[in-house]
Amino acid sequence: MTAAAPTAVVTGASGGIGAATARQLAGAGYDVVLTARRKDRVEALAAELRAAGHRAEAHALDVTDRAAVDAFATALSAARPSVDVLVNNAGGALGADPVASGDPDEWRAMYEVNVLGTLHVTQALLPALTASGAGTVVVLTSTAGHGTYEGGAGYVAAKHAEHVLAETLRLEIVGTPVRVIEIAPGMVRTEGFALTRFHGDEEKAAKVYAGVAEPLTAEDVADTIAFAVTRPAHVNIDLLVVRPRAQASNTKVHREQ
């Protein structure tokens, strides 16, 4: 009898790193469950993966809505008793104002999706991850969770909190069959991150990457996530920081003239 394929849930899978991660894990043999607010995008990705011979299903989900997250987890548990991997990818940045003039609503929105969204989904799926006998929680943070920079305090604060969530969870569940992996990317050029941060201002978004020969791509980060997830179950990559060669820190970037 053929063993069932392991299940991986990816949040924020409608584009960028989330979509690239879903493709990587599907290619590695996982039955992928895609979630995002944009239903049409995750359904299209699931169809693409199924057409390529993989197993994939899509669910519209706002990770900041706890009732919706709980309903998703209940439905998932009814269909499959365990979940092997959870990739907490949903997140993002809004604005680049200094602390003195930062918009509290933007700070709140970033905390809601990056921190509480990760908390909601992790809490809801932790029993199923434990039931798998070798569960993995991936928390996609950022180098912003490990160092500060001017104009980024709201995002930096949220990502620091998400880093602490992952670090504390690892301490609290040691001895259970679940590992906690944190992946912290630096400069990644995706189709929407900077554009969303600057509220659709294409000129400001382009300046983030100006002169940088090769920022990371979504596929680079997804490859890193897949590597960490596919290590033997006893191997825990606590924290993996990945940056483009041109970026030495959050504030030190080589830009070609």
# chains A, B, ... in the order shown; residues from 1 in each chain; ligands from 1
call {"tool": "select_by_dssp", "arguments": {"residues": "segment 1-242 of chain A", "states": "strand (DSSP E)", "output": "NGL selection string"}}
result
:A and (7-10 or 31-36 or 56-60 or 85-88 or 135-140 or 178-185 or 239-242)
call {"tool": "write_last_selection", "arguments": {"atoms": "N, CA, C and O atoms", "output": "short mmCIF file (atom, residue, chain, number, x, y, z; two decimals), in the first residue's frame"}}
result
data_model
loop_
_atom_site.label_atom_id
_atom_site.label_comp_id
_atom_site.auth_asym_id
_atom_site.auth_seq_id
_atom_site.Cartn_x
_atom_site.Cartn_y
_atom_site.Cartn_z
N THR A 7 1.37 16.44 4.04
CA THR A 7 0.58 17.64 3.78
C THR A 7 1.33 18.88 4.25
O THR A 7 1.83 18.93 5.36
N ALA A 8 1.37 19.90 3.39
CA ALA A 8 1.96 21.18 3.75
C ALA A 8 0.95 22.28 3.52
O ALA A 8 0.37 22.39 2.43
N VAL A 9 0.72 23.10 4.54
CA VAL A 9 -0.16 24.26 4.44
C VAL A 9 0.72 25.50 4.27
O VAL A 9 1.66 25.70 5.05
N VAL A 10 0.42 26.31 3.27
CA VAL A 10 1.18 27.53 3.01
C VAL A 10 0.23 28.72 3.05
O VAL A 10 -0.73 28.77 2.28
N ASP A 31 1.53 17.21 -0.58
CA ASP A 31 0.16 17.56 -0.90
C ASP A 31 -0.03 18.96 -0.33
O ASP A 31 -0.04 19.14 0.89
N VAL A 32 -0.11 19.98 -1.18
CA VAL A 32 -0.09 21.35 -0.68
C VAL A 32 -1.50 21.92 -0.55
O VAL A 32 -2.36 21.73 -1.40
N VAL A 33 -1.69 22.63 0.56
CA VAL A 33 -2.94 23.32 0.84
C VAL A 33 -2.62 24.80 0.83
O VAL A 33 -1.84 25.28 1.66
N LEU A 34 -3.18 25.53 -0.12
CA LEU A 34 -2.84 26.93 -0.35
C LEU A 34 -3.90 27.83 0.26
O LEU A 34 -5.10 27.64 0.02
N THR A 35 -3.47 28.83 1.02
CA THR A 35 -4.42 29.78 1.57
C THR A 35 -3.96 31.20 1.27
O THR A 35 -2.76 31.48 1.20
N ALA A 36 -4.92 32.09 1.08
CA ALA A 36 -4.66 33.52 0.88
C ALA A 36 -6.01 34.22 0.81
O ALA A 36 -7.05 33.59 0.63
N ALA A 56 -2.99 19.49 -4.95
CA ALA A 56 -3.09 20.83 -4.39
C ALA A 56 -4.55 21.22 -4.25
O ALA A 56 -5.39 20.85 -5.07
N GLU A 57 -4.84 21.97 -3.19
CA GLU A 57 -6.17 22.53 -3.00
C GLU A 57 -6.04 23.95 -2.49
O GLU A 57 -5.02 24.31 -1.88
N ALA A 58 -7.04 24.76 -2.75
CA ALA A 58 -6.98 26.17 -2.40
C ALA A 58 -8.12 26.55 -1.46
O ALA A 58 -9.23 26.04 -1.58
N HIS A 59 -7.82 27.47 -0.53
CA HIS A 59 -8.82 27.98 0.40
C HIS A 59 -8.63 29.49 0.55
O HIS A 59 -7.51 29.95 0.81
N ALA A 60 -9.70 30.23 0.38
CA ALA A 60 -9.64 31.67 0.67
C ALA A 60 -9.59 31.83 2.18
O ALA A 60 -10.42 31.27 2.91
N VAL A 85 3.45 20.00 7.65
CA VAL A 85 4.20 21.25 7.56
C VAL A 85 3.23 22.43 7.51
O VAL A 85 2.22 22.38 6.81
N LEU A 86 3.56 23.46 8.26
CA LEU A 86 2.86 24.73 8.17
C LEU A 86 3.90 25.80 7.83
O LEU A 86 4.87 25.98 8.58
N VAL A 87 3.70 26.50 6.74
CA VAL A 87 4.57 27.62 6.37
C VAL A 87 3.80 28.91 6.60
O VAL A 87 2.88 29.25 5.85
N ASN A 88 4.17 29.61 7.67
CA ASN A 88 3.55 30.90 7.99
C ASN A 88 4.23 31.98 7.15
O ASN A 88 5.21 32.59 7.57
N GLY A 135 6.01 16.98 12.87
CA GLY A 135 5.51 18.23 12.30
C GLY A 135 6.59 19.30 12.20
O GLY A 135 7.59 19.28 12.92
N THR A 136 6.35 20.25 11.30
CA THR A 136 7.27 21.37 11.12
C THR A 136 6.47 22.66 11.02
O THR A 136 5.57 22.77 10.19
N VAL A 137 6.82 23.64 11.86
CA VAL A 137 6.28 24.98 11.75
C VAL A 137 7.38 25.87 11.19
O VAL A 137 8.45 25.98 11.79
N VAL A 138 7.11 26.49 10.05
CA VAL A 138 8.04 27.46 9.48
C VAL A 138 7.46 28.85 9.70
O VAL A 138 6.28 29.09 9.39
N VAL A 139 8.27 29.75 10.23
CA VAL A 139 7.86 31.13 10.40
C VAL A 139 8.78 31.97 9.51
O VAL A 139 9.99 32.01 9.72
N LEU A 140 8.17 32.60 8.51
CA LEU A 140 8.94 33.45 7.61
C LEU A 140 8.97 34.85 8.19
O LEU A 140 7.97 35.56 8.16
N VAL A 178 7.38 18.21 17.08
CA VAL A 178 7.21 19.37 16.20
C VAL A 178 8.44 20.25 16.31
O VAL A 178 8.86 20.60 17.41
N ARG A 179 9.02 20.63 15.19
CA ARG A 179 10.16 21.53 15.18
C ARG A 179 9.71 22.90 14.67
O ARG A 179 8.72 23.00 13.93
N VAL A 180 10.44 23.92 15.06
CA VAL A 180 10.10 25.29 14.66
C VAL A 180 11.30 25.88 13.93
O VAL A 180 12.40 25.99 14.50
N ILE A 181 11.08 26.27 12.69
CA ILE A 181 12.13 26.80 11.82
C ILE A 181 11.80 28.25 11.49
O ILE A 181 10.69 28.55 11.07
N GLU A 182 12.78 29.13 11.65
CA GLU A 182 12.60 30.52 11.25
C GLU A 182 13.50 30.81 10.06
O GLU A 182 14.70 30.57 10.10
N ILE A 183 12.90 31.32 8.99
CA ILE A 183 13.63 31.76 7.81
C ILE A 183 13.52 33.28 7.75
O ILE A 183 12.42 33.83 7.74
N ALA A 184 14.68 33.96 7.72
CA ALA A 184 14.70 35.43 7.76
C ALA A 184 15.38 35.97 6.50
O ALA A 184 16.60 36.12 6.46
N PRO A 185 14.61 36.30 5.47
CA PRO A 185 15.21 36.84 4.24
C PRO A 185 15.55 38.31 4.37
O PRO A 185 14.89 39.06 5.11
N LEU A 239 17.28 28.94 12.90
CA LEU A 239 17.23 30.24 12.23
C LEU A 239 18.14 30.23 11.02
O LEU A 239 19.32 29.88 11.14
N LEU A 240 17.59 30.61 9.87
CA LEU A 240 18.40 30.70 8.67
C LEU A 240 18.18 32.09 8.07
O LEU A 240 17.07 32.44 7.68
N VAL A 241 19.25 32.89 8.07
CA VAL A 241 19.21 34.23 7.49
C VAL A 241 19.76 34.14 6.07
O VAL A 241 20.83 33.60 5.84
N VAL A 242 19.04 34.69 5.11
CA VAL A 242 19.47 34.63 3.71
C VAL A 242 19.33 36.01 3.08
O VAL A 242 18.28 36.64 3.14
#
call {"tool": "closest_atom_pairs", "arguments": {"of": "segment 13-125 of chain A", "to": "segment 157-172 of chain A", "cutoff": "8 Å", "atoms": "only C-alpha atoms", "output": "JSON lines"}}
result
{"residue": "A:Trp107", "atom": "CA", "partner": "A:Ala158", "partner_atom": "CA", "distance": 8.0}
{"residue": "A:Met110", "atom": "CA", "partner": "A:Ala158", "partner_atom": "CA", "distance": 6.4}
{"residue": "A:Tyr111", "atom": "CA", "partner": "A:Ala158", "partner_atom": "CA", "distance": 5.2}
{"residue": "A:Asn114", "atom": "CA", "partner": "A:Ala158", "partner_atom": "CA", "distance": 6.3}
{"residue": "A:Val115", "atom": "CA", "partner": "A:Glu162", "partner_atom": "CA", "distance": 5.2}
{"residue": "A:Thr118", "atom": "CA", "partner": "A:Glu162", "partner_atom": "CA", "distance": 7.6}
{"residue": "A:Leu119", "atom": "CA", "partner": "A:Leu165", "partner_atom": "CA", "distance": 7.9}
call {"tool": "closest_residue", "arguments": {"among": "A:Ala4, A:Val188, A:Ala75, A:Val83", "to": "Leu125 of chain A", "atoms": "only C-alpha atoms"}}
result
A:Val83
call {"tool": "select_by_dssp", "arguments": {"residues": "segment 42-213 of chain A", "states": "alpha helix (DSSP H)", "output": "ChimeraX atom specification"}}
result
/A:42-51,66-79,104-111,117-131,153-172,193-197,202-209
call {"tool": "residues_around", "arguments": {"residues": "Ala131 of chain A", "least_positions_apart": "4", "cutoff": "9 Å", "atoms": "only C-alpha atoms", "output": "list in words"}}
result
Pro81, Ser82, Val83, Asp84, Leu126, Pro127, Gly135 and Pro177 of chain A
call {"tool": "write_last_selection", "arguments": {"atoms": "N, CA, C and O atoms", "output": "JSON list (two decimals), in the first residue's frame"}}
result
[["chain", "number", "residue", "atom", "x", "y", "z"],
["A", 81, "PRO", "N", -6.34, 13.76, 9.18],
["A", 81, "PRO", "CA", -6.13, 13.81, 10.62],
["A", 81, "PRO", "C", -4.86, 14.52, 11.06],
["A", 81, "PRO", "O", -4.74, 14.94, 12.21],
["A", 82, "SER", "N", -3.92, 14.68, 10.15],
["A", 82, "SER", "CA", -2.67, 15.32, 10.54],
["A", 82, "SER", "C", -2.18, 16.24, 9.44],
["A", 82, "SER", "O", -2.56, 16.12, 8.28],
["A", 83, "VAL", "N", -1.33, 17.18, 9.85],
["A", 83, "VAL", "CA", -0.66, 18.09, 8.93],
["A", 83, "VAL", "C", 0.83, 17.99, 9.21],
["A", 83, "VAL", "O", 1.24, 17.98, 10.38],
["A", 84, "ASP", "N", 1.64, 17.92, 8.19],
["A", 84, "ASP", "CA", 3.07, 17.71, 8.37],
["A", 84, "ASP", "C", 3.86, 19.01, 8.43],
["A", 84, "ASP", "O", 4.84, 19.11, 9.17],
["A", 126, "LEU", "N", -1.60, 23.42, 15.37],
["A", 126, "LEU", "CA", -0.60, 22.72, 16.19],
["A", 126, "LEU", "C", -1.04, 21.30, 16.59],
["A", 126, "LEU", "O", -0.21, 20.38, 16.56],
["A", 127, "PRO", "N", -2.31, 21.07, 16.95],
["A", 127, "PRO", "CA", -2.70, 19.68, 17.25],
["A", 127, "PRO", "C", -2.50, 18.74, 16.06],
["A", 127, "PRO", "O", -2.04, 17.60, 16.23],
["A", 135, "GLY", "N", 6.01, 16.98, 12.87],
["A", 135, "GLY", "CA", 5.51, 18.23, 12.30],
["A", 135, "GLY", "C", 6.59, 19.30, 12.20],
["A", 135, "GLY", "O", 7.59, 19.28, 12.92],
["A", 177, "PRO", "N", 6.85, 16.17, 19.02],
["A", 177, "PRO", "CA", 7.37, 15.86, 17.69],
["A", 177, "PRO", "C", 7.13, 16.98, 16.66],
["A", 177, "PRO", "O", 6.71, 16.74, 15.53]]
call {"tool": "closest_residue", "arguments": {"among": "A:Ala153, A:Ala206, A:Ala226, A:Ala248", "to": "Thr21 of chain A", "atoms": "only C-alpha atoms"}}
result
A:Ala226
call {"tool": "residues_around", "arguments": {"residues": "segment 12-15 of chain A", "least_positions_apart": "4", "cutoff": "9 Å", "atoms": "only C-alpha atoms", "output": "number ranges by chain"}}
result
A: 19-22, 34-45, 61-63, 88-91, 190-192, 218
call {"tool": "write_last_selection", "arguments": {"atoms": "C-alpha atoms", "output": "compact mmCIF listing (two decimals), in the first residue's frame"}}
result
# COMPACT_ATOMS: atom_id res chain seq x y z
CA ALA A 19 3.39 30.79 -4.35
CA ALA A 20 7.02 29.89 -5.04
CA THR A 21 7.13 27.84 -1.82
CA ALA A 22 3.97 25.99 -2.78
CA LEU A 34 -2.84 26.93 -0.35
CA THR A 35 -4.42 29.78 1.57
CA ALA A 36 -4.66 33.52 0.88
CA ARG A 37 -7.22 36.29 0.83
CA ARG A 38 -7.20 36.41 -2.97
CA LYS A 39 -9.30 33.36 -3.80
CA ASP A 40 -8.86 33.61 -7.55
CA ARG A 41 -5.07 33.65 -7.27
CA VAL A 42 -4.77 30.57 -5.01
CA GLU A 43 -7.34 28.65 -7.05
CA ALA A 44 -5.36 29.39 -10.21
CA LEU A 45 -2.14 28.21 -8.56
CA LEU A 61 -8.44 32.71 4.13
CA ASP A 62 -7.66 35.91 5.99
CA VAL A 63 -5.23 34.90 8.73
CA ASN A 88 3.55 30.90 7.99
CA ASN A 89 4.28 33.15 5.03
CA ALA A 90 1.40 35.64 5.14
CA GLY A 91 2.70 39.08 6.10
CA THR A 190 8.85 40.19 -5.60
CA GLU A 191 6.01 41.59 -7.65
CA GLY A 192 4.19 43.17 -4.75
CA ALA A 218 10.88 34.55 -4.40
call {"tool": "atom_distance", "arguments": {"atom1": "atom CA of Thr64 of chain A", "atom2": "atom CA of Thr196 of chain A"}}
result
17.6 Å
call {"tool": "residues_around", "arguments": {"residues": "Val253 of chain A", "least_positions_apart": "4", "cutoff": "10 Å", "atoms": "only C-alpha atoms", "output": "count of residues only"}}
result
10
call {"tool": "atom_distance", "arguments": {"atom1": "atom CA of Lys207 of chain A", "atom2": "atom CA of Val221 of chain A"}}
result
21.4 Å
call {"tool": "closest_residue", "arguments": {"among": "A:Arg50, A:Asn250, A:Ala128, A:Ala228", "to": "Ala79 of chain A", "atoms": "only C-alpha atoms"}}
result
A:Ala128
call {"tool": "residues_around", "arguments": {"residues": "Ala210 of chain A", "least_positions_apart": "4", "cutoff": "10 Å", "atoms": "only C-alpha atoms", "output": "list of chain:residue names"}}
result
A:Lys204, A:Ala205, A:Ala206, A:Pro215, A:Arg255, A:Glu256, A:Gln257
call {"tool": "closest_residue", "arguments": {"among": "A:Ile173, A:Ala124, A:Ala47, A:Leu195", "to": "Thr74 of chain A", "atoms": "only C-alpha atoms"}}
result
A:Ala124
call {"tool": "closest_residue", "arguments": {"among": "A:Ala52, A:Ala194, A:Ala73, A:Ala144", "to": "Arg243 of chain A", "atoms": "only C-alpha atoms"}}
result
A:Ala144
call {"tool": "closest_residue", "arguments": {"among": "A:Gly95, A:Gly186, A:Gly53, A:Gly27", "to": "Thr141 of chain A", "atoms": "only C-alpha atoms"}}
result
A:Gly186
call {"tool": "decode", "arguments": {"residues": "segment 27-57 of chain A", "atoms": "N, CA and C atoms", "output": "PDB file, in the first residue's frame"}}
result
ATOM      1  N   GLY A  27       6.612  20.077  -5.755  1.00  0.00           N
ATOM      2  CA  GLY A  27       7.624  19.349  -6.508  1.00  0.00           C
ATOM      3  C   GLY A  27       8.395  18.354  -5.658  1.00  0.00           C
ATOM      4  N   ALA A  28       8.440  18.629  -4.344  1.00  0.00           N
ATOM      5  CA  ALA A  28       9.142  17.729  -3.419  1.00  0.00           C
ATOM      6  C   ALA A  28       8.236  16.602  -2.926  1.00  0.00           C
ATOM      7  N   GLY A  29       7.004  16.555  -3.430  1.00  0.00           N
ATOM      8  CA  GLY A  29       6.119  15.442  -3.090  1.00  0.00           C
ATOM      9  C   GLY A  29       5.072  15.732  -2.045  1.00  0.00           C
ATOM     10  N   TYR A  30       4.929  16.992  -1.650  1.00  0.00           N
ATOM     11  CA  TYR A  30       3.916  17.341  -0.657  1.00  0.00           C
ATOM     12  C   TYR A  30       2.558  17.561  -1.308  1.00  0.00           C
ATOM     13  N   ASP A  31       1.534  17.206  -0.577  1.00  0.00           N
ATOM     14  CA  ASP A  31       0.155  17.561  -0.897  1.00  0.00           C
ATOM     15  C   ASP A  31      -0.027  18.962  -0.333  1.00  0.00           C
ATOM     16  N   VAL A  32      -0.110  19.983  -1.175  1.00  0.00           N
ATOM     17  CA  VAL A  32      -0.090  21.351  -0.682  1.00  0.00           C
ATOM     18  C   VAL A  32      -1.498  21.922  -0.545  1.00  0.00           C
ATOM     19  N   VAL A  33      -1.692  22.629   0.560  1.00  0.00           N
ATOM     20  CA  VAL A  33      -2.941  23.320   0.844  1.00  0.00           C
ATOM     21  C   VAL A  33      -2.619  24.804   0.835  1.00  0.00           C
ATOM     22  N   LEU A  34      -3.183  25.532  -0.124  1.00  0.00           N
ATOM     23  CA  LEU A  34      -2.841  26.926  -0.349  1.00  0.00           C
ATOM     24  C   LEU A  34      -3.905  27.833   0.259  1.00  0.00           C
ATOM     25  N   THR A  35      -3.475  28.827   1.016  1.00  0.00           N
ATOM     26  CA  THR A  35      -4.420  29.784   1.568  1.00  0.00           C
ATOM     27  C   THR A  35      -3.959  31.205   1.268  1.00  0.00           C
ATOM     28  N   ALA A  36      -4.917  32.094   1.078  1.00  0.00           N
ATOM     29  CA  ALA A  36      -4.663  33.518   0.879  1.00  0.00           C
ATOM     30  C   ALA A  36      -6.006  34.223   0.814  1.00  0.00           C
ATOM     31  N   ARG A  37      -5.980  35.533   0.949  1.00  0.00           N
ATOM     32  CA  ARG A  37      -7.225  36.290   0.832  1.00  0.00           C
ATOM     33  C   ARG A  37      -7.728  36.315  -0.606  1.00  0.00           C
ATOM     34  N   ARG A  38      -6.808  36.322  -1.567  1.00  0.00           N
ATOM     35  CA  ARG A  38      -7.202  36.412  -2.972  1.00  0.00           C
ATOM     36  C   ARG A  38      -7.546  35.014  -3.505  1.00  0.00           C
ATOM     37  N   LYS A  39      -8.829  34.694  -3.439  1.00  0.00           N
ATOM     38  CA  LYS A  39      -9.301  33.357  -3.795  1.00  0.00           C
ATOM     39  C   LYS A  39      -8.957  32.979  -5.224  1.00  0.00           C
ATOM     40  N   ASP A  40      -9.127  33.923  -6.155  1.00  0.00           N
ATOM     41  CA  ASP A  40      -8.863  33.606  -7.551  1.00  0.00           C
ATOM     42  C   ASP A  40      -7.409  33.238  -7.789  1.00  0.00           C
ATOM     43  N   ARG A  41      -6.501  33.901  -7.074  1.00  0.00           N
ATOM     44  CA  ARG A  41      -5.070  33.646  -7.267  1.00  0.00           C
ATOM     45  C   ARG A  41      -4.680  32.259  -6.746  1.00  0.00           C
ATOM     46  N   VAL A  42      -5.161  31.886  -5.550  1.00  0.00           N
ATOM     47  CA  VAL A  42      -4.773  30.567  -5.009  1.00  0.00           C
ATOM     48  C   VAL A  42      -5.463  29.445  -5.770  1.00  0.00           C
ATOM     49  N   GLU A  43      -6.668  29.690  -6.256  1.00  0.00           N
ATOM     50  CA  GLU A  43      -7.338  28.654  -7.051  1.00  0.00           C
ATOM     51  C   GLU A  43      -6.607  28.440  -8.372  1.00  0.00           C
ATOM     52  N   ALA A  44      -6.118  29.521  -8.966  1.00  0.00           N
ATOM     53  CA  ALA A  44      -5.359  29.393 -10.213  1.00  0.00           C
ATOM     54  C   ALA A  44      -4.049  28.638  -9.984  1.00  0.00           C
ATOM     55  N   LEU A  45      -3.383  28.908  -8.866  1.00  0.00           N
ATOM     56  CA  LEU A  45      -2.135  28.207  -8.561  1.00  0.00           C
ATOM     57  C   LEU A  45      -2.399  26.727  -8.296  1.00  0.00           C
ATOM     58  N   ALA A  46      -3.453  26.433  -7.553  1.00  0.00           N
ATOM     59  CA  ALA A  46      -3.786  25.034  -7.285  1.00  0.00           C
ATOM     60  C   ALA A  46      -4.076  24.295  -8.595  1.00  0.00           C
ATOM     61  N   ALA A  47      -4.785  24.944  -9.509  1.00  0.00           N
ATOM     62  CA  ALA A  47      -5.072  24.331 -10.810  1.00  0.00           C
ATOM     63  C   ALA A  47      -3.786  24.099 -11.595  1.00  0.00           C
ATOM     64  N   GLU A  48      -2.878  25.068 -11.535  1.00  0.00           N
ATOM     65  CA  GLU A  48      -1.579  24.923 -12.215  1.00  0.00           C
ATOM     66  C   GLU A  48      -0.816  23.707 -11.671  1.00  0.00           C
ATOM     67  N   LEU A  49      -0.807  23.567 -10.363  1.00  0.00           N
ATOM     68  CA  LEU A  49      -0.073  22.457  -9.751  1.00  0.00           C
ATOM     69  C   LEU A  49      -0.724  21.114 -10.068  1.00  0.00           C
ATOM     70  N   ARG A  50      -2.047  21.074 -10.055  1.00  0.00           N
ATOM     71  CA  ARG A  50      -2.732  19.821 -10.397  1.00  0.00           C
ATOM     72  C   ARG A  50      -2.483  19.437 -11.850  1.00  0.00           C
ATOM     73  N   ALA A  51      -2.449  20.446 -12.728  1.00  0.00           N
ATOM     74  CA  ALA A  51      -2.171  20.175 -14.145  1.00  0.00           C
ATOM     75  C   ALA A  51      -0.771  19.605 -14.344  1.00  0.00           C
ATOM     76  N   ALA A  52       0.131  19.945 -13.422  1.00  0.00           N
ATOM     77  CA  ALA A  52       1.506  19.439 -13.491  1.00  0.00           C
ATOM     78  C   ALA A  52       1.650  18.077 -12.805  1.00  0.00           C
ATOM     79  N   GLY A  53       0.530  17.532 -12.335  1.00  0.00           N
ATOM     80  CA  GLY A  53       0.557  16.209 -11.734  1.00  0.00           C
ATOM     81  C   GLY A  53       0.700  16.187 -10.226  1.00  0.00           C
ATOM     82  N   HIS A  54       0.609  17.355  -9.582  1.00  0.00           N
ATOM     83  CA  HIS A  54       0.739  17.429  -8.130  1.00  0.00           C
ATOM     84  C   HIS A  54      -0.634  17.460  -7.467  1.00  0.00           C
ATOM     85  N   ARG A  55      -0.634  17.293  -6.160  1.00  0.00           N
ATOM     86  CA  ARG A  55      -1.870  17.377  -5.387  1.00  0.00           C
ATOM     87  C   ARG A  55      -1.914  18.749  -4.711  1.00  0.00           C
ATOM     88  N   ALA A  56      -2.989  19.486  -4.947  1.00  0.00           N
ATOM     89  CA  ALA A  56      -3.094  20.830  -4.389  1.00  0.00           C
ATOM     90  C   ALA A  56      -4.554  21.223  -4.248  1.00  0.00           C
ATOM     91  N   GLU A  57      -4.837  21.970  -3.191  1.00  0.00           N
ATOM     92  CA  GLU A  57      -6.173  22.525  -3.003  1.00  0.00           C
ATOM     93  C   GLU A  57      -6.036  23.950  -2.486  1.00  0.00           C
TER      94      GLU A  57
END
